[in-house]
file structure_16.pdb (PDB, C-alpha atoms)
ATOM      1  CA  MET A 195     121.020  53.811 114.906
ATOM      2  CA  TYR A 196     120.846  56.841 112.598
ATOM      3  CA  LYS A 197     117.516  57.903 114.141
ATOM      4  CA  SER A 198     118.832  57.723 117.713
ATOM      5  CA  LEU A 199     121.955  59.711 116.704
ATOM      6  CA  ILE A 200     119.728  62.486 115.289
ATOM      7  CA  MET A 201     117.572  62.485 118.435
ATOM      8  CA  LEU A 202     120.657  62.568 120.668
ATOM      9  CA  SER A 203     122.090  65.493 118.644
ATOM     10  CA  GLY A 204     118.786  67.353 118.862
ATOM     11  CA  ALA A 205     118.582  66.816 122.622
ATOM     12  CA  LEU A 206     122.177  68.001 123.015
ATOM     13  CA  VAL A 207     121.451  71.180 121.018
ATOM     14  CA  LEU A 208     118.342  71.892 123.111
ATOM     15  CA  TRP A 209     120.194  71.222 126.354
ATOM     16  CA  CYS A 210     123.086  73.559 125.409
ATOM     17  CA  SER A 211     120.810  76.321 124.159
ATOM     18  CA  CYS A 212     118.755  76.454 127.362
ATOM     19  CA  SER A 213     121.514  77.618 129.682
ATOM     20  CA  ASN A 214     121.627  81.154 131.054
ATOM     21  CA  SER A 215     124.465  82.919 132.784
ATOM     22  CA  VAL A 216     123.858  84.482 136.178
ATOM     23  CA  GLN A 217     124.141  87.946 134.583
ATOM     24  CA  GLN A 218     121.438  87.066 132.040
ATOM     25  CA  VAL A 219     119.090  85.854 134.771
ATOM     26  CA  ILE A 220     119.657  89.014 136.863
ATOM     27  CA  ALA A 221     119.157  91.265 133.832
ATOM     28  CA  LEU A 222     115.956  89.451 132.879
ATOM     29  CA  SER A 223     114.538  89.499 136.407
ATOM     30  CA  SER A 224     115.319  93.195 136.943
ATOM     31  CA  ALA A 225     113.792  94.070 133.559
ATOM     32  CA  ASN A 226     110.596  92.364 134.711
ATOM     33  CA  GLU A 227     110.615  93.514 138.336
ATOM     34  CA  GLN A 228     107.270  94.494 139.733
ATOM     35  CA  PRO A 229     106.611  97.211 142.330
ATOM     36  CA  ASP A 230     105.855  96.192 145.905
ATOM     37  CA  GLN A 231     103.460  99.120 146.341
ATOM     38  CA  ILE A 232     101.469 101.180 143.858
ATOM     39  CA  GLY A 233      99.678 104.431 144.588
ATOM     40  CA  ASP A 234      97.332 106.630 142.568
ATOM     41  CA  SER A 235      96.806 110.332 143.436
ATOM     42  CA  VAL A 236      99.244 110.113 146.349
ATOM     43  CA  LEU A 237      99.765 112.704 149.094
ATOM     44  CA  LEU A 238     102.733 112.055 151.410
ATOM     45  CA  SER A 239     103.831 114.022 154.474
ATOM     46  CA  TYR A 240     107.279 113.622 156.016
ATOM     47  CA  ILE A 241     107.421 114.512 159.689
ATOM     48  CA  ASP A 242     110.427 114.310 162.000
ATOM     49  CA  THR A 243     110.877 115.250 165.650
ATOM     50  CA  ALA A 244     110.903 118.945 164.678
ATOM     51  CA  GLY A 245     107.571 118.713 162.878
ATOM     52  CA  LEU A 246     106.374 118.804 159.286
ATOM     53  CA  ARG A 247     109.290 118.829 156.820
ATOM     54  CA  VAL A 248     107.898 117.922 153.379
ATOM     55  CA  VAL A 249     104.500 117.467 151.727
ATOM     56  CA  MET A 250     104.572 115.734 148.365
ATOM     57  CA  SER A 251     101.819 114.896 145.903
ATOM     58  CA  ALA A 252     102.047 112.785 142.761
ATOM     59  CA  ARG A 253      99.648 111.297 140.277
ATOM     60  CA  TYR A 254     101.317 107.863 140.406
ATOM     61  CA  MET A 255     103.763 106.227 142.810
ATOM     62  CA  ARG A 256     105.572 102.885 142.613
ATOM     63  CA  VAL A 257     107.762 101.530 145.416
ATOM     64  CA  TYR A 258     110.390  98.900 144.629
ATOM     65  CA  ALA A 259     111.664  97.696 148.004
ATOM     66  CA  MET A 260     112.017  93.923 147.768
ATOM     67  CA  HIS A 261     113.324  91.697 144.986
ATOM     68  CA  THR A 262     115.385  94.504 143.474
ATOM     69  CA  THR A 263     119.043  95.426 143.444
ATOM     70  CA  GLN A 264     118.182  99.134 143.740
ATOM     71  CA  PRO A 265     115.356  99.945 146.196
ATOM     72  CA  ARG A 266     113.595 103.086 145.025
ATOM     73  CA  THR A 267     110.372 105.079 144.925
ATOM     74  CA  GLU A 268     109.227 106.329 141.511
ATOM     75  CA  LEU A 269     106.764 109.206 141.163
ATOM     76  CA  ASP A 270     105.405 110.321 137.815
ATOM     77  CA  SER A 271     102.721 112.083 135.803
ATOM     78  CA  GLY A 272     103.330 115.291 137.707
ATOM     79  CA  ILE A 273     104.771 115.834 141.164
ATOM     80  CA  HIS A 274     104.528 118.771 143.554
ATOM     81  CA  VAL A 275     106.690 119.079 146.676
ATOM     82  CA  ILE A 276     106.570 121.733 149.418
ATOM     83  CA  PHE A 277     109.554 121.945 151.793
ATOM     84  CA  TYR A 278     109.009 123.465 155.257
ATOM     85  CA  THR A 279     111.259 125.326 157.713
ATOM     86  CA  LEU A 280     111.735 124.153 161.285
ATOM     87  CA  GLN A 281     109.054 126.710 162.198
ATOM     88  CA  GLY A 282     106.580 125.013 159.851
ATOM     89  CA  LYS A 283     106.570 127.697 157.151
ATOM     90  CA  PRO A 284     106.958 126.843 153.442
ATOM     91  CA  GLN A 285     110.539 127.526 152.307
ATOM     92  CA  ALA A 286     110.696 126.029 148.807
ATOM     93  CA  GLU A 287     108.378 124.457 146.256
ATOM     94  CA  LEU A 288     109.232 122.005 143.469
ATOM     95  CA  PHE A 289     107.300 120.864 140.405
ATOM     96  CA  ALA A 290     108.428 118.162 137.939
ATOM     97  CA  ARG A 291     107.053 115.518 135.631
ATOM     98  CA  LYS A 292     108.877 112.644 137.360
ATOM     99  CA  ALA A 293     111.074 111.894 140.343
ATOM    100  CA  ILE A 294     112.957 108.899 141.671
ATOM    101  CA  ARG A 295     114.199 108.482 145.239
ATOM    102  CA  TYR A 296     116.986 105.936 145.619
ATOM    103  CA  ASN A 297     116.188 104.750 149.137
ATOM    104  CA  SER A 298     119.488 103.151 150.189
ATOM    105  CA  GLU A 299     121.575 105.993 148.721
ATOM    106  CA  LYS A 300     119.315 108.724 150.181
ATOM    107  CA  ARG A 301     119.416 110.520 146.860
ATOM    108  CA  SER A 302     116.563 111.886 144.718
ATOM    109  CA  LYS A 303     116.359 112.995 141.100
ATOM    110  CA  ALA A 304     113.566 115.071 139.520
ATOM    111  CA  THR A 305     113.239 115.142 135.722
ATOM    112  CA  GLY A 306     111.086 116.801 133.097
ATOM    113  CA  GLN A 307     110.242 120.501 133.299
ATOM    114  CA  VAL A 308     111.655 120.879 136.807
ATOM    115  CA  VAL A 309     110.748 124.165 138.517
ATOM    116  CA  LEU A 310     112.031 125.069 141.987
ATOM    117  CA  ARG A 311     111.002 128.277 143.811
ATOM    118  CA  ASN A 312     112.528 129.605 147.020
ATOM    119  CA  GLN A 313     111.339 132.021 149.740
ATOM    120  CA  GLN A 314     112.997 134.966 147.990
ATOM    121  CA  GLY A 315     110.815 134.410 144.916
ATOM    122  CA  GLU A 316     113.683 133.130 142.773
ATOM    123  CA  GLN A 317     112.799 130.379 140.333
ATOM    124  CA  LEU A 318     115.058 127.667 138.904
ATOM    125  CA  GLU A 319     114.059 125.876 135.701
ATOM    126  CA  THR A 320     115.900 122.819 134.352
ATOM    127  CA  GLU A 321     115.261 119.335 132.989
ATOM    128  CA  VAL A 322     117.176 117.399 135.679
ATOM    129  CA  LEU A 323     117.748 118.234 139.344
ATOM    130  CA  SER A 324     119.308 115.887 141.910
ATOM    131  CA  TRP A 325     119.301 116.134 145.695
ATOM    132  CA  ASP A 326     121.700 114.420 148.084
ATOM    133  CA  GLU A 327     119.789 114.110 151.360
ATOM    134  CA  GLN A 328     122.867 113.427 153.489
ATOM    135  CA  SER A 329     124.802 116.511 152.368
ATOM    136  CA  GLY A 330     121.669 118.627 151.803
ATOM    137  CA  LYS A 331     122.927 119.672 148.365
ATOM    138  CA  LEU A 332     121.065 120.220 145.088
ATOM    139  CA  TYR A 333     122.953 119.780 141.828
ATOM    140  CA  THR A 334     122.611 119.449 138.064
ATOM    141  CA  ASP A 335     124.862 119.484 135.003
ATOM    142  CA  ALA A 336     121.919 120.318 132.730
ATOM    143  CA  PRO A 337     121.133 123.770 131.307
ATOM    144  CA  VAL A 338     119.472 126.018 133.907
ATOM    145  CA  LYS A 339     117.474 129.233 133.937
ATOM    146  CA  ILE A 340     117.137 131.288 137.115
ATOM    147  CA  THR A 341     114.567 134.067 137.239
ATOM    148  CA  ARG A 342     115.172 136.695 139.892
ATOM    149  CA  GLN A 343     113.246 139.865 140.644
ATOM    150  CA  ASP A 344     115.328 142.017 138.287
ATOM    151  CA  GLU A 345     117.165 139.581 135.985
ATOM    152  CA  VAL A 346     117.181 136.197 134.300
ATOM    153  CA  LEU A 347     120.344 134.065 134.330
ATOM    154  CA  PHE A 348     121.107 131.227 131.931
ATOM    155  CA  GLY A 349     123.810 128.640 132.431
ATOM    156  CA  ASN A 350     124.932 125.044 132.464
ATOM    157  CA  GLY A 351     125.063 123.313 135.818
ATOM    158  CA  LEU A 352     124.257 124.397 139.349
ATOM    159  CA  THR A 353     124.999 123.427 142.934
ATOM    160  CA  GLY A 354     123.148 124.731 145.962
ATOM    161  CA  ASN A 355     121.632 123.980 149.329
ATOM    162  CA  SER A 356     118.397 122.039 149.633
ATOM    163  CA  ASP A 357     116.112 125.065 150.135
ATOM    164  CA  PHE A 358     117.641 126.893 147.129
ATOM    165  CA  SER A 359     118.465 129.939 149.260
ATOM    166  CA  LYS A 360     122.174 129.697 148.359
ATOM    167  CA  TYR A 361     123.420 128.421 145.022
ATOM    168  CA  GLU A 362     126.193 128.692 142.469
ATOM    169  CA  MET A 363     125.740 128.467 138.721
ATOM    170  CA  LEU A 364     128.681 126.539 137.297
ATOM    171  CA  ASN A 365     128.813 128.125 133.845
ATOM    172  CA  ILE A 366     126.785 131.302 133.235
ATOM    173  CA  THR A 367     126.015 131.621 129.534
ATOM    174  CA  GLY A 368     123.736 134.660 129.600
ATOM    175  CA  ARG A 369     122.142 137.383 131.676
ATOM    176  CA  VAL A 370     119.083 139.490 130.891
ATOM    177  CA  LYS A 371     118.207 142.523 133.010
ATOM    178  CA  LEU A 372     114.495 143.080 133.524
ATOM    179  CA  ASN A 373     113.068 146.603 133.427
ATOM    180  CA  LEU A 374     110.121 146.621 135.769
TER     181      LEU A 374
END
call {"tool": "encode", "arguments": {"input": "structure_16.pdb", "output": "structure tokens"}}
result
Amino acid sequence: MYKSLIMLSGALVLWCSCSNSVQQVIALSSANEQPDQIGDSVLLSYIDTAGLRVVMSARYMRVYAMHTTQPRTELDSGIHVIFYTLQGKPQAELFARKAIRYNSEKRSKATGQVVLRNQQGEQLETEVLSWDEQSGKLYTDAPVKITRQDEVLFGNGLTGNSDFSKYEMLNITGRVKLNL
């Protein structure tokens, strides 16, 4: 009798300890999610009815499209993006260590030594830069440095259009005039 009571207690403890909540299962499965596609030394071209719009290269690419709560494309180990005008001419160029495109939200985020150059030769440097594809806006709350032909601007935060031809620094913290 005593032996069967101990075995029943042990079985009850094991049975109770092996339950998981739905949140625990989701957290565990998303922590272990695997990409649906993997690419090495990737070159992607985006073309619409007007022609070539974007050419992007990355050392590594992972696409999470199925079995995930947040479909996305992750690019890392160095990315390079060239944006084109409707006439097919380069209008802006971006470099970064990593980028993530959130597919369903149509939003992208570049991180790590982000550099963006526009047609006017202006250069933006920051650690984080986001792009909302639907509104066509670039934005960041991170510290930024903009190098122009005759000056360098420092600040915190920026909003602008997607080709970086028009922008507004949210909080300018410094300005250096260049003597050329």
call {"tool": "resolve_selection", "arguments": {"input": "structure_16.pdb", "expression": "the PyMOL selection byres ((chain A and resi 350) around 7)", "output": "VMD selection string"}}
result
chain A and resid 335 to 338 349 351 to 352 364 to 366
call {"tool": "write_last_selection", "arguments": {"input": "structure_16.pdb", "atoms": "C-alpha atoms", "output": "PDB file, in the coordinates of the input"}}
result
ATOM      1  CA  ASP A 335     124.862 119.484 135.003  1.00  0.00           C
ATOM      2  CA  ALA A 336     121.919 120.318 132.730  1.00  0.00           C
ATOM      3  CA  PRO A 337     121.133 123.770 131.307  1.00  0.00           C
ATOM      4  CA  VAL A 338     119.472 126.018 133.907  1.00  0.00           C
ATOM      5  CA  GLY A 349     123.810 128.640 132.431  1.00  0.00           C
ATOM      6  CA  GLY A 351     125.063 123.313 135.818  1.00  0.00           C
ATOM      7  CA  LEU A 352     124.257 124.397 139.349  1.00  0.00           C
ATOM      8  CA  LEU A 364     128.681 126.539 137.297  1.00  0.00           C
ATOM      9  CA  ASN A 365     128.813 128.125 133.845  1.00  0.00           C
ATOM     10  CA  ILE A 366     126.785 131.302 133.235  1.00  0.00           C
TER      11      ILE A 366
END
call {"tool": "resolve_selection", "arguments": {"input": "structure_16.pdb", "expression": "the PyMOL selection byres ((chain A and resi 316) around 7)", "output": "number ranges by chain"}}
result
A: 311-312, 314-315, 317-318, 340-342
call {"tool": "residues_near_point", "arguments": {"input": "structure_16.pdb", "point": "(112.9, 110.6, 136.1)", "cutoff": "10 Å", "atoms": "all atoms listed in the file", "output": "PyMOL selection string"}}
result
chain A and resi 268-270+290-295+302-306+321-323
call {"tool": "closest_residue", "arguments": {"input": "structure_16.pdb", "among": "A:Ser298, A:Ser235, A:Ser356, A:Gln343", "to": "His274 (chain A)", "atoms": "all atoms listed in the file"}}
result
A:Ser235
call {"tool": "closest_residue", "arguments": {"input": "structure_16.pdb", "among": "A:Val308, A:Val275, A:Val248, A:Leu238", "to": "Thr334 (chain A)", "atoms": "all atoms listed in the file"}}
result
A:Val308
call {"tool": "axis_aligned_box", "arguments": {"input": "structure_16.pdb", "around": "region 245-262 of chain A", "padding_each_side": "6 Å", "output": "lines of an AutoDock Vina configuration file"}}
result
center_x = 107.5
center_y = 105.3
center_z = 151.6
size_x = 27.7
size_y = 39.1
size_z = 34.6
call {"tool": "residues_near_point", "arguments": {"input": "structure_16.pdb", "point": "(120.2, 134.1, 129.5)", "cutoff": "7 Å", "atoms": "only C-alpha atoms", "output": "JSON, numbers by chain"}}
result
{"A": [346, 347, 348, 367, 368, 369, 370]}
call {"tool": "write_last_selection", "arguments": {"input": "structure_16.pdb", "atoms": "C-alpha atoms", "output": "compact mmCIF listing (two decimals), keeping the file's coordinate frame"}}
result
# COMPACT_ATOMS: atom_id res chain seq x y z
CA VAL A 346 117.18 136.20 134.30
CA LEU A 347 120.34 134.06 134.33
CA PHE A 348 121.11 131.23 131.93
CA THR A 367 126.02 131.62 129.53
CA GLY A 368 123.74 134.66 129.60
CA ARG A 369 122.14 137.38 131.68
CA VAL A 370 119.08 139.49 130.89
call {"tool": "resolve_selection", "arguments": {"input": "structure_16.pdb", "expression": "the PyMOL selection byres ((chain A and resi 255) around 12)", "output": "ChimeraX atom specification"}}
result
/A:229-238,250-254,256-258,266-273,292-295
call {"tool": "atom_distance", "arguments": {"input": "structure_16.pdb", "atom1": "CA of Glu362 (chain A)", "atom2": "CA of Gln281 (chain A)"}}
result
26.2 Å
call {"tool": "atom_distance", "arguments": {"input": "structure_16.pdb", "atom1": "CA of Leu372 (chain A)", "atom2": "CA of Asn355 (chain A)"}}
result
25.8 Å
call {"tool": "residues_around", "arguments": {"input": "structure_16.pdb", "residues": "Arg247 (chain A)", "least_positions_apart": "4", "cutoff": "6 Å", "atoms": "only C-alpha atoms", "output": "MDAnalysis selection string"}}
result
chainID A and resid 240:241 277:278
call {"tool": "closest_residue", "arguments": {"input": "structure_16.pdb", "among": "A:Glu227, A:Glu319, A:Glu299, A:Glu287", "to": "Lys339 (chain A)", "atoms": "only C-alpha atoms"}}
result
A:Glu319
call {"tool": "atom_distance", "arguments": {"input": "structure_16.pdb", "atom1": "CA of Asn297 (chain A)", "atom2": "CA of Tyr333 (chain A)"}}
result
18.0 Å
call {"tool": "closest_residue", "arguments": {"input": "structure_16.pdb", "among": "A:Ala286, A:Asp344, A:Thr353, A:His261", "to": "Asn226 (chain A)", "atoms": "all atoms listed in the file"}}
result
A:His261
call {"tool": "closest_residue", "arguments": {"input": "structure_16.pdb", "among": "A:Gln264, A:Ile276, A:Gln285, A:Tyr361", "to": "Ser239 (chain A)", "atoms": "all atoms listed in the file"}}
result
A:Ile276
